[in-house]
Structures are given as structure tokens and as C-alpha cells.
$ cat run18.txt   # compact mmCIF, C-alpha atoms
# COMPACT_ATOMS: atom_id res chain seq x y z
CA MET A 6 70.11 130.29 -95.93
CA ASP A 7 72.76 127.97 -97.36
CA SER A 8 72.79 128.63 -101.11
CA THR A 9 74.39 125.21 -101.73
CA ASN A 10 71.49 123.40 -99.98
CA PRO A 11 68.69 125.92 -99.39
CA LEU A 12 65.97 123.36 -98.60
CA GLY A 13 68.11 121.19 -96.30
CA LEU A 14 67.68 118.03 -98.38
CA GLU A 15 69.73 114.86 -98.78
CA LYS A 16 72.23 115.43 -101.57
CA ARG A 17 72.40 113.08 -104.53
CA PRO A 18 75.76 111.32 -105.17
CA SER A 19 75.89 113.25 -108.46
CA PRO A 20 73.47 115.54 -110.34
CA TYR A 21 70.63 113.66 -112.02
CA VAL A 22 67.74 114.90 -114.17
CA TRP A 23 64.72 113.10 -115.62
CA VAL A 24 63.51 114.05 -119.11
CA THR A 25 60.03 114.96 -117.83
CA TRP A 26 61.54 117.52 -115.43
CA LEU A 27 63.19 119.36 -118.32
CA ALA A 28 60.27 119.40 -120.76
CA PRO A 29 58.26 122.25 -119.12
CA TYR A 30 61.35 124.50 -119.13
CA LEU A 31 62.07 123.78 -122.79
CA SER A 32 58.45 124.60 -123.71
CA GLY A 33 58.36 127.78 -121.61
CA GLU A 34 55.66 126.44 -119.28
CA SER A 35 58.04 126.55 -116.29
CA GLN A 36 60.44 129.36 -115.37
CA CYS A 37 61.60 128.66 -111.80
CA LYS A 38 64.96 126.96 -112.24
CA PHE A 39 65.33 126.91 -108.45
CA SER A 40 62.98 123.92 -108.49
CA LEU A 41 64.86 122.13 -111.28
CA TRP A 42 68.20 122.71 -109.56
CA ASN A 43 66.92 121.24 -106.27
CA GLN A 44 65.40 118.21 -107.97
CA GLY A 45 68.61 117.59 -109.89
CA ASN A 46 70.94 117.86 -106.90
CA PHE A 47 68.85 116.59 -103.98
CA ARG A 48 66.33 113.90 -103.13
CA VAL A 49 63.05 115.81 -103.01
CA PRO A 50 60.37 113.89 -101.06
CA SER A 51 57.52 112.68 -103.25
CA THR A 52 54.25 114.42 -102.41
CA ASN A 53 51.85 112.44 -104.59
CA ASP A 54 51.49 109.17 -106.46
CA MET A 55 50.00 108.57 -109.86
CA PRO A 56 46.28 107.78 -109.55
CA SER A 57 45.44 104.19 -110.42
CA ASP A 58 42.92 105.19 -113.10
CA TRP A 59 45.64 107.18 -114.89
CA LEU A 60 47.91 104.15 -114.88
CA VAL A 61 45.16 101.94 -116.32
CA GLN A 62 44.26 104.45 -119.04
CA HIS A 63 47.91 105.02 -119.95
CA GLN A 64 48.68 101.30 -120.18
CA SER A 65 45.56 100.63 -122.24
CA LEU A 66 46.48 103.32 -124.77
CA LEU A 67 50.10 102.15 -124.87
CA ASN A 68 49.01 98.56 -125.56
CA GLU A 69 46.72 99.73 -128.37
CA VAL A 70 49.42 101.81 -130.09
CA ALA A 71 52.06 99.07 -129.70
CA TYR A 72 49.67 96.49 -131.19
CA ASP A 73 48.93 98.70 -134.22
CA LEU A 74 52.63 99.31 -134.84
CA ARG A 75 53.38 95.59 -134.76
CA GLU A 76 50.52 95.00 -137.18
CA ASP A 77 52.18 97.56 -139.48
CA GLY A 78 55.43 95.60 -139.43
CA TYR A 79 57.40 97.52 -136.80
CA ASP A 80 59.73 95.95 -134.25
CA VAL A 81 58.45 97.45 -131.00
CA GLU A 82 60.10 97.92 -127.61
CA GLU A 83 58.06 99.18 -124.64
CA GLU A 84 58.81 101.24 -121.50
CA ASP A 85 61.51 99.59 -119.34
CA ALA A 86 63.31 98.26 -122.43
CA ASN A 87 63.75 101.88 -123.52
CA SER A 88 65.66 103.24 -120.51
CA LEU A 89 68.02 106.09 -121.39
CA TYR A 90 70.97 107.11 -119.20
CA LEU A 91 73.46 109.60 -120.56
CA LYS A 92 76.23 111.63 -118.94
CA THR A 93 76.31 115.22 -120.19
CA SER A 94 79.36 117.45 -120.60
CA ALA A 95 78.18 119.39 -117.53
CA GLY A 96 78.51 116.22 -115.44
CA VAL A 97 74.75 115.75 -115.05
CA THR A 98 73.15 112.37 -115.76
CA LEU A 99 70.12 112.75 -118.01
CA ALA A 100 67.64 109.87 -117.89
CA GLY A 101 64.33 109.02 -119.49
CA LYS A 102 62.07 106.18 -120.55
CA PRO A 103 59.92 106.67 -123.67
CA ASP A 104 56.76 104.60 -123.88
CA ILE A 105 57.56 103.02 -127.24
CA VAL A 106 60.57 102.83 -129.52
CA ALA A 107 59.84 101.19 -132.86
CA ARG A 108 61.92 100.31 -135.91
CA ASN A 109 60.90 99.64 -139.51
CA GLY A 110 63.77 100.89 -141.60
CA GLN A 111 63.65 104.18 -139.69
CA GLY A 112 63.35 104.78 -135.96
CA LEU A 113 60.18 106.06 -134.31
CA VAL A 114 59.69 107.11 -130.69
CA VAL A 115 56.16 107.32 -129.32
CA ASP A 116 54.75 108.77 -126.13
CA VAL A 117 51.10 108.26 -125.22
CA LYS A 118 49.19 110.90 -123.26
CA THR A 119 45.91 110.61 -121.39
CA GLY A 120 45.48 114.37 -120.84
CA LYS A 121 45.06 117.38 -123.07
CA PRO A 122 47.89 118.35 -125.45
CA ARG A 123 50.46 120.69 -123.91
CA GLY A 124 53.64 122.32 -125.17
CA LYS A 125 55.79 120.27 -122.81
CA ASP A 126 54.62 117.08 -124.56
CA ARG A 127 56.38 118.13 -127.76
CA ALA A 128 59.51 119.16 -125.85
CA GLN A 129 59.54 115.75 -124.15
CA ILE A 130 59.29 113.80 -127.41
CA ASN A 131 61.98 116.04 -128.94
CA LEU A 132 64.25 115.15 -126.04
CA TYR A 133 63.71 111.45 -126.64
CA GLN A 134 64.43 112.00 -130.34
CA ALA A 135 67.72 113.69 -129.43
CA LEU A 136 68.83 111.16 -126.80
CA ILE A 137 68.03 107.88 -128.56
CA PRO A 138 70.79 108.18 -131.21
CA ALA A 139 73.20 109.56 -128.59
CA GLN A 140 72.86 106.24 -126.71
CA LYS A 141 72.34 104.26 -129.95
CA LEU A 142 69.28 102.74 -128.27
CA HIS A 143 68.20 99.55 -130.07
CA GLY A 144 70.81 100.32 -132.72
CA ILE A 145 69.18 103.61 -133.80
CA GLN A 146 71.94 106.03 -134.85
CA GLU A 147 69.95 108.74 -136.64
CA VAL A 148 67.41 111.08 -135.05
CA PRO A 149 64.10 109.19 -135.21
CA TRP A 150 60.67 110.55 -135.94
CA GLY A 151 58.57 111.36 -132.89
CA ARG A 152 54.89 110.72 -132.34
CA LEU A 153 52.46 111.86 -129.66
CA VAL A 154 49.25 109.88 -129.28
CA TYR A 155 46.44 111.24 -127.10
CA ARG A 156 43.46 109.43 -125.62
CA SER A 157 41.25 112.05 -127.27
CA GLY A 158 42.28 110.68 -130.67
CA GLU A 159 44.80 113.38 -131.57
CA ASP A 160 47.93 112.02 -133.19
CA LYS A 161 50.92 114.31 -133.82
CA LEU A 162 54.17 113.58 -135.65
CA THR A 163 57.39 115.48 -134.90
CA PRO A 164 60.07 115.34 -137.63
CA PRO A 165 63.77 114.80 -136.90
CA THR A 166 64.47 118.37 -138.02
CA GLU A 167 62.93 119.71 -134.79
CA VAL A 168 66.02 118.45 -132.96
CA ASP A 169 68.17 121.29 -134.24
CA GLU A 170 71.15 123.12 -132.77
CA SER A 171 68.90 125.68 -131.06
CA PHE A 172 67.03 122.90 -129.24
CA LYS A 173 70.28 121.22 -128.19
CA GLN A 174 71.64 124.53 -126.92
CA SER A 175 68.55 124.98 -124.75
CA VAL A 176 69.08 121.53 -123.24
CA ARG A 177 72.78 122.26 -122.60
CA GLY A 178 71.83 125.51 -120.88
CA LEU A 179 69.51 123.70 -118.47
CA MET A 180 72.20 121.11 -117.72
CA GLN A 181 74.58 123.92 -116.83
CA VAL A 182 72.00 125.37 -114.43
CA VAL A 183 71.68 122.02 -112.65
CA ALA A 184 75.47 121.61 -112.51
CA GLN A 185 76.16 124.94 -110.80
CA GLU A 186 77.15 124.88 -107.12
CA ASN A 187 74.73 127.51 -105.87
CA ALA A 188 70.97 127.58 -106.26
CA PRO A 189 69.54 129.97 -108.86
CA ASP A 190 67.15 132.64 -107.58
CA PRO A 191 63.59 131.37 -107.04
CA GLN A 192 60.92 132.61 -109.44
CA PRO A 193 57.70 131.58 -107.70
CA SER A 194 54.29 131.99 -109.28
CA LEU A 195 50.88 130.72 -108.27
CA SER A 196 50.44 128.57 -111.38
CA GLU A 197 53.91 127.06 -111.30
CA CYS A 198 54.17 126.50 -107.54
CA ARG A 199 50.84 124.67 -107.57
CA PHE A 200 52.40 121.65 -109.28
CA CYS A 201 56.01 122.00 -108.10
CA LYS A 202 57.58 118.93 -106.46
CA CYS A 203 59.28 121.25 -103.93
CA ARG A 204 56.05 123.07 -103.00
CA GLU A 205 55.58 121.56 -99.54
CA ILE A 206 59.09 122.39 -98.35
CA CYS A 207 59.96 125.54 -100.30
CA PRO A 208 59.79 128.76 -98.25
CA PHE A 209 59.33 130.75 -101.46
CA ALA A 210 56.29 128.83 -102.71
CA GLN A 211 53.36 131.02 -103.70
CA THR A 212 50.09 129.46 -102.58
CA GLU A 213 47.73 132.45 -102.83
CA ALA A 214 47.21 135.10 -105.46
CA PRO A 215 48.72 138.46 -104.41
CA GLU A 216 46.24 141.11 -103.32
CA ALA A 217 45.74 144.19 -105.46
CA ARG A 218 46.94 146.91 -103.08
CA GLU A 219 47.18 150.02 -105.22
CA MET A 220 44.57 151.93 -107.18
CA VAL A 221 45.54 152.61 -110.79
CA ALA A 222 44.18 156.03 -111.79
CA TRP A 223 43.62 155.28 -115.46
CA LEU A 224 41.69 152.08 -114.64
$ encode --input "run18.txt" --output "C-alpha cells"
Amino acid sequence: MDSTNPLGLEKRPSPYVWVTWLAPYLSGESQCKFSLWNQGNFRVPSTNDMPSDWLVQHQSLLNEVAYDLREDGYDVEEEDANSLYLKTSAGVTLAGKPDIVARNGQGLVVDVKTGKPRGKDRAQINLYQALIPAQKLHGIQEVPWGRLVYRSGEDKLTPPTEVDESFKQSVRGLMQVVAQENAPDPQPSLSECRFCKCREICPFAQTEAPEAREMVAWL
């Protein structure tokens, strides 16, 4: 197997990573960097589309939060107006698009979620907090506050202090993984492979739980 293109995919012109791909690795929910490396360096075929009901629920919640912020005196920018594209020192382009970026003396980045709270949500909003001042998006030069709003009613704030040197080092480490020439070793697991974008074409994907083959005397 060719370690520089193990899945035989079309290579990207240059390495490219989306914020949402990084978030599960930063939160510890994903471990298989083989998947991240392939997504960053090759065009992985899409296996599913967002369900229409999710899109409706997400847009409804976004509209509600944006309206409330404007009522509170914030200048509010939504989705496409918030596109982030930054070149990292590793040569990887890091891109993202937060749902809402608001300003009222201090910057605020908001992401709305229709599902249950997960660790990767916080990692994602921290990434937006870190990248917005790097690009000086909408003139914001200091790390903004972050906010996660869930359809369930939960509302979580993330202070600028969460974007510390340890967090930045973790992001740099993942960029270096994507930038390397050869694929990292796969680390398949049933839970992770289930939602992996490479699942349908990866020969290492785990689709069934391993059988218990040995008897353990003390059990």
C-alpha cells in the first residue's frame, strides 16, 4: 500500500482542514489521525448529506439567537459573512465558518447546536475564538468570548482564557500531522469508524465488535 496515498484518492492542490474536522481530536473524542490526514490531503467522497429537518432546526435556532443579540445592541454577522481561511506555519490551510460573530465593545462568537452537548462543541468554539483575531475578522483583534447555544435550552459561555498556549500547541500538533508526507498508522475502533468520512473506502475500518475469543480465568 502506498503510504503517500493509501486510499487511492484524488490529491488536493495543498493540505486543507475544516475546523469541525479538528474539534473531535482536540476534545479526545477521536483518535485515528489516519482519517484526519486523508481528509486534509485528499478529496474524500461524501457519503451522506445533512437531513433537511436538521437544516431547518439549525436555521431556526440561529435566527432566534441572532435576533436576541441585535435586540441587545450587538452588531451581528451570520454564517457566510464569517468565513475564516488561514495558512498555518505547517503549510496547511485551516478554514471554518462560525454561525454568528457579534460585536458590542467586545467580540463574541456563537455556535448553535441542535443535538446534545459534546466535548467537541467546546473545542470547536475555542478554535473559532483563536482564529477570529488571527484573521482580524470584522476588525476583532482580541480573543472573543465564545458561546454555545443548544436547542434544549442549554447556554454555555467559554472565556477567552480557554484559548491558552496548551490549546494552541494541540492545534499546531494536528496541523503537523496533516502536513506530513506519509499517512499515520490507522487506529480503528467501532465507535469512531461508525461516523468516519473514510469509512466506506478504508480497508482498516472496523464495522463489527471483535469477538471475545479467550477465557479469562479470574472472570
$ residues_around --input "run18.txt" --residues "A:Val24" --least-positions-apart "6" --cutoff "8 Å" --atoms "all atoms listed in the file" --output "list in words"
Leu99, Ala100, Gly101, Gln129, Leu132 and Tyr133 of chain A
$ residues_near_point --input "run18.txt" --point "(72.3, 126.9, -110.5)" --cutoff "12 Å" --atoms "all atoms listed in the file" --output "NGL selection string"
:A and (8-11 or 20 or 37-46 or 95 or 178-191)
$ write_last_selection --input "run18.txt" --atoms "C-alpha atoms" --output "PDB file, in the coordinates of the input"
ATOM      1  CA  SER A   8      72.790 128.630-101.110  1.00  0.00           C
ATOM      2  CA  THR A   9      74.390 125.210-101.730  1.00  0.00           C
ATOM      3  CA  ASN A  10      71.490 123.400 -99.980  1.00  0.00           C
ATOM      4  CA  PRO A  11      68.690 125.920 -99.390  1.00  0.00           C
ATOM      5  CA  PRO A  20      73.470 115.540-110.340  1.00  0.00           C
ATOM      6  CA  CYS A  37      61.600 128.660-111.800  1.00  0.00           C
ATOM      7  CA  LYS A  38      64.960 126.960-112.240  1.00  0.00           C
ATOM      8  CA  PHE A  39      65.330 126.910-108.450  1.00  0.00           C
ATOM      9  CA  SER A  40      62.980 123.920-108.490  1.00  0.00           C
ATOM     10  CA  LEU A  41      64.860 122.130-111.280  1.00  0.00           C
ATOM     11  CA  TRP A  42      68.200 122.710-109.560  1.00  0.00           C
ATOM     12  CA  ASN A  43      66.920 121.240-106.270  1.00  0.00           C
ATOM     13  CA  GLN A  44      65.400 118.210-107.970  1.00  0.00           C
ATOM     14  CA  GLY A  45      68.610 117.590-109.890  1.00  0.00           C
ATOM     15  CA  ASN A  46      70.940 117.860-106.900  1.00  0.00           C
ATOM     16  CA  ALA A  95      78.180 119.390-117.530  1.00  0.00           C
ATOM     17  CA  GLY A 178      71.830 125.510-120.880  1.00  0.00           C
ATOM     18  CA  LEU A 179      69.510 123.700-118.470  1.00  0.00           C
ATOM     19  CA  MET A 180      72.200 121.110-117.720  1.00  0.00           C
ATOM     20  CA  GLN A 181      74.580 123.920-116.830  1.00  0.00           C
ATOM     21  CA  VAL A 182      72.000 125.370-114.430  1.00  0.00           C
ATOM     22  CA  VAL A 183      71.680 122.020-112.650  1.00  0.00           C
ATOM     23  CA  ALA A 184      75.470 121.610-112.510  1.00  0.00           C
ATOM     24  CA  GLN A 185      76.160 124.940-110.800  1.00  0.00           C
ATOM     25  CA  GLU A 186      77.150 124.880-107.120  1.00  0.00           C
ATOM     26  CA  ASN A 187      74.730 127.510-105.870  1.00  0.00           C
ATOM     27  CA  ALA A 188      70.970 127.580-106.260  1.00  0.00           C
ATOM     28  CA  PRO A 189      69.540 129.970-108.860  1.00  0.00           C
ATOM     29  CA  ASP A 190      67.150 132.640-107.580  1.00  0.00           C
ATOM     30  CA  PRO A 191      63.590 131.370-107.040  1.00  0.00           C
TER      31      PRO A 191
END
$ atom_distance --input "run18.txt" --atom1 "atom CA of A:Thr93" --atom2 "atom CA of A:Arg152"
25.0 Å
$ atom_distance --input "run18.txt" --atom1 "atom CA of A:Ala71" --atom2 "atom CA of A:Lys102"
15.3 Å
$ atom_distance --input "run18.txt" --atom1 "atom CA of A:Tyr72" --atom2 "atom CA of A:Glu159"
17.6 Å
$ residues_near_point --input "run18.txt" --point "(45.0, 119.3, -126.2)" --cutoff "12 Å" --atoms "only C-alpha atoms" --output "MDAnalysis selection string"
chainID A and resid 118:127 153:161
$ closest_residue --input "run18.txt" --among "A:Ser35, A:Ser19, A:Thr98, A:Gln64" --to "A:Arg199" --atoms "all atoms listed in the file"
A:Ser35
$ residues_around --input "run18.txt" --residues "A:Thr212" --least-positions-apart "5" --cutoff "12 Å" --atoms "all atoms listed in the file" --output "list of chain:residue names"
A:Pro193, A:Ser194, A:Leu195, A:Ser196, A:Glu197, A:Cys198, A:Arg199, A:Phe200, A:Cys201, A:Arg204, A:Glu205, A:Cys207
$ residues_around --input "run18.txt" --residues "A:His143" --least-positions-apart "2" --cutoff "9 Å" --atoms "all atoms listed in the file" --output "PyMOL selection string"
chain A and resi 82+87+106-108+137+140-141+145-146
$ build_atoms --input "run18.txt" --residues "stretch 83-94 of chain A" --atoms "all heavy atoms" --output "compact mmCIF listing (two decimals), in the coordinates of the input"
# COMPACT_ATOMS: atom_id res chain seq x y z
N GLU A 83 58.93 98.40 -125.52
CA GLU A 83 58.06 99.18 -124.64
C GLU A 83 58.74 99.52 -123.31
O GLU A 83 59.50 98.72 -122.76
CB GLU A 83 56.77 98.41 -124.37
CG GLU A 83 55.96 98.08 -125.62
CD GLU A 83 54.73 97.25 -125.31
OE1 GLU A 83 54.06 97.54 -124.29
OE2 GLU A 83 54.45 96.31 -126.07
N GLU A 84 58.48 100.70 -122.82
CA GLU A 84 58.81 101.24 -121.50
C GLU A 84 60.18 100.82 -120.97
O GLU A 84 61.19 101.35 -121.40
CB GLU A 84 57.68 100.91 -120.54
CG GLU A 84 56.38 101.61 -120.91
CD GLU A 84 55.36 101.60 -119.82
OE1 GLU A 84 54.93 100.49 -119.44
OE2 GLU A 84 54.99 102.68 -119.33
N ASP A 85 60.25 99.87 -120.02
CA ASP A 85 61.51 99.59 -119.34
C ASP A 85 62.64 99.21 -120.29
O ASP A 85 63.81 99.44 -120.01
CB ASP A 85 61.33 98.47 -118.30
CG ASP A 85 60.55 98.95 -117.08
OD1 ASP A 85 60.47 100.18 -116.87
OD2 ASP A 85 60.01 98.11 -116.34
N ALA A 86 62.29 98.62 -121.44
CA ALA A 86 63.31 98.26 -122.43
C ALA A 86 63.92 99.48 -123.09
O ALA A 86 64.94 99.37 -123.78
CB ALA A 86 62.71 97.34 -123.49
N ASN A 87 63.32 100.65 -122.86
CA ASN A 87 63.75 101.88 -123.52
C ASN A 87 64.48 102.85 -122.59
O ASN A 87 64.54 104.04 -122.87
CB ASN A 87 62.53 102.58 -124.14
CG ASN A 87 61.81 101.71 -125.14
OD1 ASN A 87 62.42 100.91 -125.84
ND2 ASN A 87 60.49 101.84 -125.21
N SER A 88 65.01 102.36 -121.50
CA SER A 88 65.66 103.24 -120.51
C SER A 88 66.87 103.94 -121.12
O SER A 88 67.72 103.32 -121.76
CB SER A 88 66.09 102.44 -119.29
OG SER A 88 64.96 101.94 -118.61
N LEU A 89 66.93 105.25 -120.90
CA LEU A 89 68.02 106.09 -121.39
C LEU A 89 68.79 106.65 -120.20
O LEU A 89 68.20 107.18 -119.26
CB LEU A 89 67.46 107.25 -122.21
CG LEU A 89 66.80 106.90 -123.55
CD1 LEU A 89 65.88 108.04 -123.99
CD2 LEU A 89 67.85 106.61 -124.61
N TYR A 90 70.12 106.52 -120.23
CA TYR A 90 70.97 107.11 -119.20
C TYR A 90 72.21 107.66 -119.89
O TYR A 90 73.02 106.90 -120.42
CB TYR A 90 71.39 106.06 -118.16
CG TYR A 90 70.26 105.57 -117.31
CD1 TYR A 90 69.56 104.40 -117.63
CD2 TYR A 90 69.86 106.26 -116.16
CE1 TYR A 90 68.51 103.95 -116.86
CE2 TYR A 90 68.80 105.81 -115.37
CZ TYR A 90 68.15 104.65 -115.73
OH TYR A 90 67.09 104.21 -114.96
N LEU A 91 72.33 108.98 -119.89
CA LEU A 91 73.46 109.60 -120.56
C LEU A 91 74.13 110.63 -119.65
O LEU A 91 73.47 111.38 -118.94
CB LEU A 91 73.01 110.30 -121.85
CG LEU A 91 72.45 109.36 -122.93
CD1 LEU A 91 70.93 109.48 -122.97
CD2 LEU A 91 73.05 109.66 -124.28
N LYS A 92 75.45 110.65 -119.70
CA LYS A 92 76.23 111.63 -118.94
C LYS A 92 76.48 112.83 -119.85
O LYS A 92 76.99 112.68 -120.96
CB LYS A 92 77.57 111.03 -118.51
CG LYS A 92 78.26 111.80 -117.40
CD LYS A 92 77.63 111.47 -116.05
CE LYS A 92 78.52 111.96 -114.91
NZ LYS A 92 77.98 111.57 -113.61
N THR A 93 76.12 114.02 -119.38
CA THR A 93 76.31 115.22 -120.19
C THR A 93 77.67 115.85 -119.91
O THR A 93 78.33 115.52 -118.93
CB THR A 93 75.21 116.24 -119.88
OG1 THR A 93 75.37 116.75 -118.55
CG2 THR A 93 73.82 115.60 -120.00
N SER A 94 78.07 116.78 -120.77
CA SER A 94 79.36 117.45 -120.60
C SER A 94 79.41 118.27 -119.31
O SER A 94 80.49 118.54 -118.78
CB SER A 94 79.65 118.36 -121.81
OG SER A 94 78.62 119.32 -121.96
